[in-house]
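Text of input_16.txt (compact mmCIF, C-alpha atoms and all ligand atoms) as supplied:
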# COMPACT_ATOMS: atom_id res chain seq x y z
CA MET W 1 0.00 0.00 0.00
CA ASN W 2 1.30 3.50 -0.90
CA ILE W 3 0.34 6.52 1.21
CA LEU W 4 1.26 10.14 0.54
CA LEU W 5 1.55 12.36 3.62
CA THR W 6 1.31 16.10 3.18
CA GLY W 7 1.31 19.32 5.22
CA GLY W 8 3.52 21.16 7.67
CA GLY W 9 4.90 24.67 7.80
CA THR W 10 5.32 24.63 11.58
CA GLY W 11 6.42 22.08 14.16
CA GLY W 12 2.82 21.50 15.32
CA HIS W 13 1.77 20.00 11.96
CA LEU W 14 5.13 18.35 11.21
CA ALA W 15 5.25 16.45 14.51
CA ILE W 16 1.94 14.80 13.58
CA ALA W 17 3.20 13.95 10.07
CA LYS W 18 6.29 12.38 11.63
CA SER W 19 4.42 10.20 14.10
CA LEU W 20 1.84 9.09 11.51
CA ASN W 21 4.67 8.27 9.10
CA SER W 22 6.35 5.99 11.68
CA ALA W 23 3.04 4.25 12.38
CA PHE W 24 2.42 3.63 8.65
CA VAL W 25 5.97 2.35 8.08
CA LYS W 26 5.57 -0.07 11.04
CA GLN W 27 2.50 -1.45 9.30
CA GLY W 28 4.49 -2.13 6.12
CA VAL W 29 3.05 0.83 4.19
CA LYS W 30 5.29 2.65 1.68
CA THR W 31 5.12 6.39 2.45
CA PHE W 32 5.71 9.51 0.33
CA TYR W 33 5.70 13.19 1.33
CA ILE W 34 4.82 16.50 -0.29
CA GLY W 35 5.73 19.66 1.62
CA SER W 36 6.82 23.21 0.93
CA THR W 37 10.18 24.91 0.42
CA TYR W 38 8.90 27.58 2.86
CA GLY W 39 8.48 26.92 6.60
CA GLN W 40 10.21 24.03 8.38
CA ASP W 41 9.23 21.09 6.12
CA ARG W 42 12.70 20.60 4.62
CA GLU W 43 14.39 20.91 7.99
CA TRP W 44 12.25 18.08 9.34
CA PHE W 45 12.09 15.68 6.41
CA GLU W 46 14.73 16.38 3.74
CA SER W 47 17.08 13.73 5.15
CA ASP W 48 14.37 11.40 6.50
CA LYS W 49 15.02 8.06 4.81
CA SER W 50 11.79 6.42 5.97
CA PHE W 51 9.85 8.12 3.13
CA SER W 52 10.24 6.34 -0.22
CA GLN W 53 10.19 9.71 -1.98
CA LYS W 54 9.76 13.40 -1.00
CA TRP W 55 8.94 16.58 -2.89
CA PHE W 56 9.13 20.19 -1.67
CA PHE W 57 7.02 22.61 -3.71
CA GLU W 58 7.02 26.40 -3.66
CA SER W 59 3.59 26.48 -2.01
CA ARG W 60 2.58 29.38 0.23
CA GLY W 61 -0.54 30.42 2.10
CA VAL W 62 -3.35 31.91 0.00
CA ILE W 63 -5.82 32.92 2.70
CA ASN W 64 -3.96 35.91 4.14
CA GLN W 65 -2.96 37.35 0.75
CA LYS W 66 -4.75 40.18 -1.02
CA GLY W 67 -5.39 41.34 -4.62
CA VAL W 68 -2.89 40.33 -7.30
CA LYS W 69 -0.81 38.35 -4.79
CA LYS W 70 -3.85 36.24 -3.93
CA LEU W 71 -4.54 35.56 -7.62
CA SER W 72 -0.94 34.59 -8.27
CA SER W 73 -0.93 32.26 -5.20
CA LEU W 74 -4.15 30.63 -6.38
CA TRP W 75 -2.65 30.10 -9.82
CA ASN W 76 0.47 28.63 -8.20
CA ILE W 77 -1.59 26.21 -6.03
CA SER W 78 -3.63 25.08 -9.08
CA HIS W 79 -0.44 24.38 -10.99
CA LEU W 80 1.05 22.46 -8.03
CA ALA W 81 -2.21 20.53 -7.55
CA LEU W 82 -1.89 19.26 -11.15
CA LYS W 83 1.74 18.34 -10.47
CA SER W 84 0.61 16.45 -7.33
CA LYS W 85 -2.06 14.66 -9.34
CA GLU W 86 0.68 13.40 -11.70
CA ILE W 87 2.75 12.14 -8.75
CA ILE W 88 -0.31 10.41 -7.25
CA LYS W 89 -0.87 8.64 -10.58
CA ASN W 90 2.77 7.79 -11.31
CA TYR W 91 3.48 6.38 -7.84
CA ASN W 92 0.18 4.47 -7.51
CA ILE W 93 -0.78 6.37 -4.36
CA ASP W 94 -3.73 4.72 -2.57
CA ALA W 95 -4.54 7.66 -0.27
CA VAL W 96 -3.39 11.15 0.68
CA VAL W 97 -3.18 12.02 4.38
CA SER W 98 -3.09 15.74 5.23
CA VAL W 99 -1.95 17.13 8.57
CA GLY W 100 -2.91 20.69 7.58
CA GLY W 101 -0.97 23.91 7.05
CA TYR W 102 -0.49 25.71 3.73
CA SER W 103 1.94 23.12 2.39
CA ALA W 104 -0.92 20.57 2.42
CA ALA W 105 -2.94 22.39 -0.25
CA PRO W 106 -1.36 21.08 -3.51
CA ALA W 107 -1.46 17.36 -2.64
CA SER W 108 -4.93 17.61 -1.01
CA PHE W 109 -6.39 19.19 -4.15
CA GLY W 110 -4.35 16.71 -6.21
CA ALA W 111 -6.14 13.90 -4.33
CA LEU W 112 -9.55 15.38 -5.15
CA LEU W 113 -8.61 15.90 -8.82
CA SER W 114 -7.51 12.27 -9.14
CA SER W 115 -10.41 10.83 -7.06
CA THR W 116 -7.88 9.44 -4.56
CA PRO W 117 -9.19 9.07 -0.97
CA LEU W 118 -8.20 12.06 1.19
CA PHE W 119 -7.81 11.73 4.99
CA ILE W 120 -7.33 14.78 7.21
CA HIS W 121 -5.87 15.16 10.69
CA GLU W 122 -7.02 18.38 12.38
CA GLN W 123 -4.99 19.05 15.55
CA ASN W 124 -7.16 21.77 17.10
CA ALA W 125 -10.68 22.17 18.44
CA ARG W 126 -11.48 24.78 15.76
CA PHE W 127 -10.70 23.76 12.20
CA GLY W 128 -8.10 25.66 10.15
CA LYS W 129 -9.32 27.32 6.92
CA LEU W 130 -7.90 24.70 4.54
CA ASN W 131 -9.34 21.83 6.59
CA THR W 132 -12.75 23.55 6.76
CA LEU W 133 -12.73 23.81 2.96
CA LEU W 134 -11.56 20.24 2.36
CA SER W 135 -13.35 18.32 5.14
CA PRO W 136 -16.62 17.76 3.20
CA PHE W 137 -14.60 15.95 0.50
CA ALA W 138 -12.48 13.86 2.85
CA LYS W 139 -13.06 10.16 3.36
CA ARG W 140 -12.44 10.65 7.09
CA VAL W 141 -11.39 13.56 9.31
CA PHE W 142 -9.47 12.73 12.49
CA CYS W 143 -9.73 15.13 15.43
CA SER W 144 -9.36 14.54 19.16
CA PHE W 145 -11.78 17.33 20.15
CA THR W 146 -14.83 16.31 18.11
CA PRO W 147 -16.69 12.99 17.81
CA PRO W 148 -15.56 10.26 17.54
CA PHE W 149 -12.68 11.76 19.62
CA ASP W 150 -9.74 10.05 17.94
CA PRO W 151 -6.73 9.63 20.24
CA TYR W 152 -4.12 12.36 19.59
CA PRO W 153 -0.80 11.01 18.33
CA VAL W 154 1.35 12.00 21.33
CA ASN W 155 4.92 10.87 21.81
CA PRO W 156 4.64 7.72 24.03
CA GLU W 157 7.31 9.11 26.40
CA PHE W 158 4.61 11.28 27.99
CA LEU W 159 2.57 8.15 28.74
CA HIS W 160 5.49 6.11 30.09
CA THR W 161 6.04 8.55 32.97
CA ARG W 162 2.40 9.27 33.84
CA ARG W 163 1.32 9.25 37.47
CA VAL W 164 -1.56 10.63 39.52
CA ARG W 165 -0.56 13.91 41.19
CA THR W 166 -1.80 14.81 44.68
CA LYS W 167 0.00 17.79 46.24
CA LEU W 168 1.81 20.66 44.52
CA LYS W 169 5.52 20.29 45.25
CA THR W 170 6.93 21.19 41.82
CA ILE W 171 5.35 23.50 39.24
CA ILE W 172 6.18 23.83 35.53
CA PHE W 173 5.50 26.89 33.33
CA LEU W 174 5.12 26.11 29.61
CA GLY W 175 4.87 28.69 26.84
CA GLY W 176 4.52 26.36 23.81
CA SER W 177 7.19 26.09 21.13
CA GLN W 178 7.83 29.87 21.02
CA GLY W 179 7.44 30.63 24.72
CA ALA W 180 4.83 33.08 26.03
CA LYS W 181 5.50 36.44 27.71
CA GLN W 182 2.12 36.31 29.47
CA ILE W 183 2.98 33.00 31.12
CA ASN W 184 6.47 34.24 31.99
CA ASP W 185 4.89 37.23 33.75
CA ILE W 186 2.41 35.04 35.65
CA ALA W 187 5.35 32.91 36.80
CA LEU W 188 7.40 35.88 37.97
CA GLN W 189 4.43 37.45 39.79
CA ASN W 190 3.78 34.20 41.66
CA ALA W 191 7.42 33.21 42.26
CA PRO W 192 7.70 34.79 45.77
CA LEU W 193 4.52 32.99 46.91
CA LEU W 194 5.69 29.68 45.41
CA ALA W 195 9.10 30.06 47.02
CA SER W 196 7.53 30.83 50.41
CA LYS W 197 5.58 27.54 50.15
CA LYS W 198 8.80 25.69 49.18
CA ILE W 199 7.39 24.79 45.76
CA SER W 200 10.13 24.10 43.18
CA ILE W 201 9.88 25.97 39.86
CA ILE W 202 10.63 24.62 36.36
CA HIS W 203 10.16 27.29 33.71
CA GLN W 204 10.29 27.14 29.88
CA THR W 205 10.57 30.74 28.73
CA GLY W 206 11.02 30.59 24.93
CA LYS W 207 14.16 31.98 23.29
CA GLN W 208 13.16 35.66 23.19
CA ASP W 209 12.35 36.18 26.85
CA TYR W 210 14.93 33.83 28.40
CA ARG W 211 17.43 36.48 29.61
CA ARG W 212 14.79 38.76 31.14
CA VAL W 213 13.16 35.90 33.06
CA LYS W 214 16.46 34.38 34.23
CA ASN W 215 17.62 37.78 35.49
CA ALA W 216 14.30 38.42 37.26
CA TYR W 217 14.57 35.18 39.26
CA GLU W 218 18.17 36.00 40.16
CA LYS W 219 17.19 39.50 41.27
CA MET W 220 14.47 38.07 43.53
CA GLY W 221 16.95 35.51 44.89
CA ILE W 222 14.60 32.66 43.92
CA GLU W 223 15.99 29.39 42.64
CA ALA W 224 14.30 28.15 39.47
CA GLU W 225 15.18 25.74 36.66
CA VAL W 226 14.89 28.13 33.71
CA PHE W 227 15.38 27.13 30.05
CA ALA W 228 14.36 28.50 26.65
CA PHE W 229 13.42 25.17 25.01
CA ASP W 230 14.23 21.56 25.93
CA LYS W 231 14.02 18.66 23.49
CA ASN W 232 13.21 16.25 26.31
CA LEU W 233 10.12 17.97 27.69
CA ALA W 234 8.64 14.64 28.84
CA HIS W 235 11.40 14.38 31.43
CA LYS W 236 10.65 17.89 32.77
CA MET W 237 6.86 17.30 32.87
CA ALA W 238 7.39 14.04 34.74
CA GLN W 239 8.99 15.95 37.64
CA ALA W 240 6.10 18.41 37.98
CA ASP W 241 2.80 18.16 39.87
CA PHE W 242 1.07 21.08 38.16
CA ALA W 243 1.53 23.14 34.97
CA VAL W 244 0.66 26.66 33.88
CA SER W 245 0.55 26.35 30.12
CA ARG W 246 -0.51 27.61 26.71
CA ALA W 247 -3.18 25.39 25.15
CA GLY W 248 -1.54 24.37 21.86
CA ALA W 249 -2.95 20.99 20.84
CA SER W 250 0.24 18.96 21.30
CA THR W 251 1.13 20.35 24.72
CA LEU W 252 -2.46 19.88 25.91
CA TRP W 253 -2.53 16.19 24.94
CA GLU W 254 0.97 15.63 26.32
CA LEU W 255 -0.17 17.02 29.69
CA CYS W 256 -3.23 14.78 29.50
CA ALA W 257 -1.10 11.72 28.61
CA ASN W 258 1.11 12.47 31.59
CA ALA W 259 -1.92 13.06 33.90
CA LEU W 260 -0.33 16.40 34.81
CA PRO W 261 -3.09 18.91 35.76
CA ALA W 262 -2.86 22.42 34.35
CA LEU W 263 -4.08 25.98 34.48
CA PHE W 264 -4.44 26.86 30.77
CA VAL W 265 -3.66 30.37 29.56
CA PRO W 266 -4.73 30.19 25.88
CA TYR W 267 -2.88 32.23 23.25
CA PRO W 268 -5.58 34.84 22.50
CA TYR W 269 -4.54 35.49 18.88
CA ALA W 270 -4.62 31.87 17.66
CA ALA W 271 -6.80 31.45 14.54
CA GLY W 272 -10.48 31.22 15.54
CA ASN W 273 -9.34 31.45 19.19
CA HIS W 274 -8.69 27.71 18.93
CA GLN W 275 -6.46 27.48 22.01
CA TYR W 276 -9.39 28.62 24.14
CA TYR W 277 -11.57 25.86 22.67
CA ASN W 278 -8.75 23.32 23.06
CA ALA W 279 -8.56 24.18 26.77
CA LYS W 280 -12.36 24.18 27.12
CA TYR W 281 -12.41 20.52 26.07
CA LEU W 282 -10.57 19.52 29.27
CA VAL W 283 -12.12 22.25 31.45
CA ASN W 284 -15.67 21.09 30.56
CA ARG W 285 -14.71 17.58 31.65
CA GLY W 286 -13.45 18.75 35.03
CA ALA W 287 -9.86 17.96 34.03
CA ALA W 288 -8.25 21.42 33.92
CA PHE W 289 -8.45 25.06 35.06
CA LEU W 290 -8.84 28.03 32.72
CA TYR W 291 -7.19 31.45 33.20
CA PRO W 292 -8.46 34.05 34.15
CA ASP W 293 -11.48 32.18 35.63
CA HIS W 294 -9.00 30.65 38.06
CA ALA W 295 -5.78 32.10 39.41
CA LEU W 296 -2.70 30.23 40.51
CA GLU W 297 -2.94 31.51 44.10
CA GLU W 298 -6.16 29.59 44.71
CA ILE W 299 -4.82 26.33 43.24
CA ILE W 300 -1.60 26.12 45.24
CA GLU W 301 -3.15 24.37 48.25
CA ALA W 302 -5.68 22.28 46.27
CA ASP W 303 -5.82 18.47 46.19
CA LEU W 304 -4.76 17.72 42.61
CA SER W 305 -5.82 14.08 42.54
CA PRO W 306 -9.39 14.48 41.14
CA LEU W 307 -8.05 16.41 38.12
CA SER W 308 -5.12 14.12 37.63
CA GLN W 309 -7.30 11.00 37.80
CA LYS W 310 -9.68 12.51 35.24
CA LEU W 311 -6.74 13.20 32.90
CA PHE W 312 -5.51 9.64 33.44
CA SER W 313 -8.87 8.35 32.18
CA LEU W 314 -8.86 10.71 29.15
CA ALA W 315 -5.25 9.95 28.11
CA PRO W 316 -4.75 9.44 24.37
CA LEU W 317 -3.41 5.91 23.95
CA GLU W 318 -1.79 4.56 20.78
CA GLY W 319 -2.95 7.64 18.79
CA ALA W 320 -0.72 7.34 15.71
CA THR W 321 -1.11 3.55 15.48
CA THR W 322 -4.91 3.73 15.78
CA ILE W 323 -5.20 6.42 13.09
CA ALA W 324 -2.84 4.59 10.72
CA GLN W 325 -4.69 1.29 11.28
CA THR W 326 -8.08 2.94 10.68
CA ILE W 327 -6.84 4.37 7.36
CA VAL W 328 -5.22 1.12 6.19
CA GLN W 329 -8.32 -0.87 7.17
CA SER W 330 -10.71 1.47 5.39
CA LEU W 331 -8.60 1.28 2.20
CA LYS W 332 -8.59 -2.52 2.34
CA THR W 333 -12.36 -2.67 2.59
CA THR W 334 -13.04 -0.35 -0.38
C1 LIG L 401 0.90 30.56 18.36
C2 LIG L 401 0.23 29.46 17.64
O1 LIG L 401 -0.45 29.63 16.63
N1 LIG L 401 0.41 28.27 18.19
C3 LIG L 401 -0.12 27.06 17.58
C4 LIG L 401 1.01 26.08 17.49
O2 LIG L 401 1.50 26.06 18.83
P1 LIG L 401 2.77 25.38 19.41
O3 LIG L 401 3.56 24.74 18.33
O4 LIG L 401 3.43 26.30 20.34
O5 LIG L 401 2.02 24.37 20.35
P2 LIG L 401 1.89 22.85 20.59
O6 LIG L 401 1.54 22.77 22.00
O7 LIG L 401 0.94 22.23 19.65
O8 LIG L 401 3.34 22.22 20.33
C5 LIG L 401 4.46 22.51 21.08
C6 LIG L 401 5.38 21.31 21.00
O9 LIG L 401 6.67 21.73 21.37
C7 LIG L 401 7.19 20.84 22.34
N2 LIG L 401 8.13 21.53 23.21
C8 LIG L 401 7.77 22.70 23.82
C9 LIG L 401 8.66 23.33 24.68
C10 LIG L 401 9.92 22.75 24.92
O10 LIG L 401 10.76 23.25 25.66
N3 LIG L 401 10.20 21.59 24.31
C11 LIG L 401 9.35 20.95 23.45
O11 LIG L 401 9.69 19.90 22.92
C12 LIG L 401 5.98 20.32 23.09
O12 LIG L 401 6.31 19.10 23.71
C13 LIG L 401 4.95 20.21 21.97
O13 LIG L 401 5.04 18.95 21.34
O14 LIG L 401 0.50 24.88 17.00
C14 LIG L 401 -0.58 24.29 17.77
C15 LIG L 401 -1.01 23.00 17.07
O15 LIG L 401 -1.54 23.26 15.82
C16 LIG L 401 -1.74 25.25 17.93
O16 LIG L 401 -2.71 24.69 18.81
C17 LIG L 401 -1.21 26.51 18.49
O17 LIG L 401 -2.26 27.43 18.65

Now, as a test, write the supplied structure out as structure tokens.
Ligand SMILES: CC(=O)N[C@H]1[C@@H](OP(=O)(O)OP(=O)(O)OC[C@H]2O[C@@H](n3ccc(=O)[nH]c3=O)[C@H](O)[C@@H]2O)O[C@H](CO)[C@@H](O)[C@@H]1O
Amino acid sequence: MNILLTGGGTGGHLAIAKSLNSAFVKQGVKTFYIGSTYGQDREWFESDKSFSQKWFFESRGVINQKGVKKLSSLWNISHLALKSKEIIKNYNIDAVVSVGGYSAAPASFGALLSSTPLFIHEQNARFGKLNTLLSPFAKRVFCSFTPPFDPYPVNPEFLHTRRVRTKLKTIIFLGGSQGAKQINDIALQNAPLLASKKISIIHQTGKQDYRRVKNAYEKMGIEAEVFAFDKNLAHKMAQADFAVSRAGASTLWELCANALPALFVPYPYAAGNHQYYNAKYLVNRGAAFLYPDHALEEIIEADLSPLSQKLFSLAPLEGATTIAQTIVQSLKTT
């Protein structure tokens, strides 16, 4: 069976493409990839030997363009969609799987033009523009926030170290892949209180704000484990009993997999306010707190076990494998 994965642009989409690719390869599927020369697609996959073949097209976003630029981008996407259609035909592709982002457009339209089944993975609780447009034509859309609540493809390391939390002894502040000034400020405001309660602080600041935050802790004479970005975040989460975090889809499901309760501070400018709706999914199930409805001061003394147990029961298990199996199975039965 031959499957073409497409999409990317940012780490959020590419991480999903990577984990789905591994799951397909494990099931003996031959995989192919179409991404863009813009964004991070090349960085992630150019030297990845697990794909049988890869292509990087000059595809860019259309939605935020205006006037002549929009027309020229549309023309470019149409041309690349025809090119994708040729690839789909020449390599006997059985299905196209899109993880979203602008680099997914050519191959997704190529799938429709060649009547090849299209599968979509939407990471967030509010659909991106391309996925909204393409969903009605897809054979199946996978999303962890809408029925049938497909398990999110989290890195299994977050599951291996999961445990039910009870009392807050160590706190972690997480700003998502870029870091978040708002979360850094919440951390610094609360640091004296946390220190007075002998609560240890782990703090991911993002690259831009690292120096300011590090200096602020030093000035207050408060010990904290401060870093801009750490590749082994599972290890850091495992040490913590509570998180104050942005509500990007991957971080949210990683916290859930780890049964680590959180106060979510959604990024307010995310498209369609999707981080708020991501967080709401867990908040509505009694598995998380939402800022500013709740403040850190009132959570410090709380018993964390009811939230942590709830997360334990909602943990996404075998996400990538389940999605890959569902796709392979549905292709075998058609
Ligand atoms: C500003 C913006 O538009 N953000 C979007 C972006 O967020 P962003 O990429 O920040 O958010 P995610 O939470 O989805 O992903 C962050 C990833 O980075 C990893 N990590 C983070 C910090 C660190 O030190 N080490 C590390 O490895 C996390 O484990 C996680 O896997 O994509 C998400 C998924 O589409 C969206 O929900 C977010 O709204």

For Ser84 in chain W, the nearest of the candidates W:Leu5, W:Ile327, W:Ala15, W:Ala259, counting only C-alpha atoms: W:Leu5

Write out as AutoDock Vina command-line options an axis-aligned box for ligand LIG 401 (chain L): all of its atoms listed in the file, 4 Å added on each side, centre and edge lengths in Å with one decimal.
--center_x 4.0 --center_y 24.8 --center_z 20.7 --size_x 21.5 --size_y 19.6 --size_z 17.8

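Rounded to one decimal, CA of Lys214 in chain W and CA of Phe227 in chain W lie 8.4 Å from each other.
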
Contacts of range 317-321 of chain W within 10 Å, all atoms listed in the file, excl. fewer than 5 positions in-chain, as number ranges by chain: W: 16-24, 26-27, 144, 150-156, 159, 257, 326-327

Local residues around (-6.2, -1.7, 4.0), at most 12 Å away, using only C-alpha atoms, as a ChimeraX atom specification: /W:1-3,24,27-29,94-95,324-334

Counting all atoms listed in the file, the residue of W:Gly101, W:Pro192, W:Gly11, W:Pro292 that sits nearest ligand LIG 401 (chain L): W:Gly11

Nearby residues, (7.2, 32.4, 22.6) file frame, 12 Å, all atoms listed in the file, as a ChimeraX atom specification: /W:174-184,204-210,228-229,245-246,248,267

Separation of CA of Phe45 in chain W from atom C5 of ligand LIG 401 (chain L), in Å and rounded to one decimal: 17.9 Å

Residue with smallest distance to ligand LIG 401 (chain L) - pool W:Lys310, W:His294, W:His13, W:Lys30, counting all atoms listed in the file: W:His13

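Within the 8 Å cut-off around range 49-60 of chain W, using all atoms listed in the file and omitting residues fewer than 2 positions from it on the same chain, the listed residues are Asn21, Ser22, Val25, Lys30, Thr31, Phe32, Tyr33, Ile34, Gly35, Ser36, Thr37, Tyr38, Asp41, Arg42, Glu46, Ser47, Val62, Ser73, Asn76, Ile77, Leu80, Tyr102, Ser103, Ala105 and Pro106 of chain W.
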
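We find CA of Ala224 in chain W and CA of Thr170 in chain W to be spaced 10.4 Å apart.
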
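If you measure from each of W:Thr6, W:Ser108, W:Ser308, W:Gln123 to ligand LIG 401 (chain L) using all atoms listed in the file, the closest one turns out to be W:Gln123.
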
Minimum-distance residue to ligand LIG 401 (chain L), chosen among W:Ala107, W:Cys256, W:Ile199, W:Leu112 (using only C-alpha atoms and all ligand atoms):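 Of all the options, W:Cys256 lies closest to ligand LIG 401 (chain L).
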
Nearest residue to Pro147 in chain W from the set W:Leu233, W:Ala125, W:Val96, W:Val164 (distances using all atoms listed in the file): W:Ala125

Residue neighbourhood range 276-289 of chain W, 8 Å, all atoms listed in the file, exclusion window fewer than 2 positions, as a ChimeraX atom specification: /W:124-126,145,247-249,252,261-264,266-268,273-274,291,293-294,306-308,310-311

Nearby residues (all atoms listed in the file) at most 12 Å from Thr132 in chain W, same-chain spacing under 3 positions excluded, as a list in words: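 Once the adjacent positions are removed, what remains is Gly100, Gly101, Ile120, His121, Glu122, Asn124, Ala125, Arg126, Phe127, Gly128, Lys129, Ser135, Pro136, Phe137, Ala138, Val141 and Gly272 of chain W.
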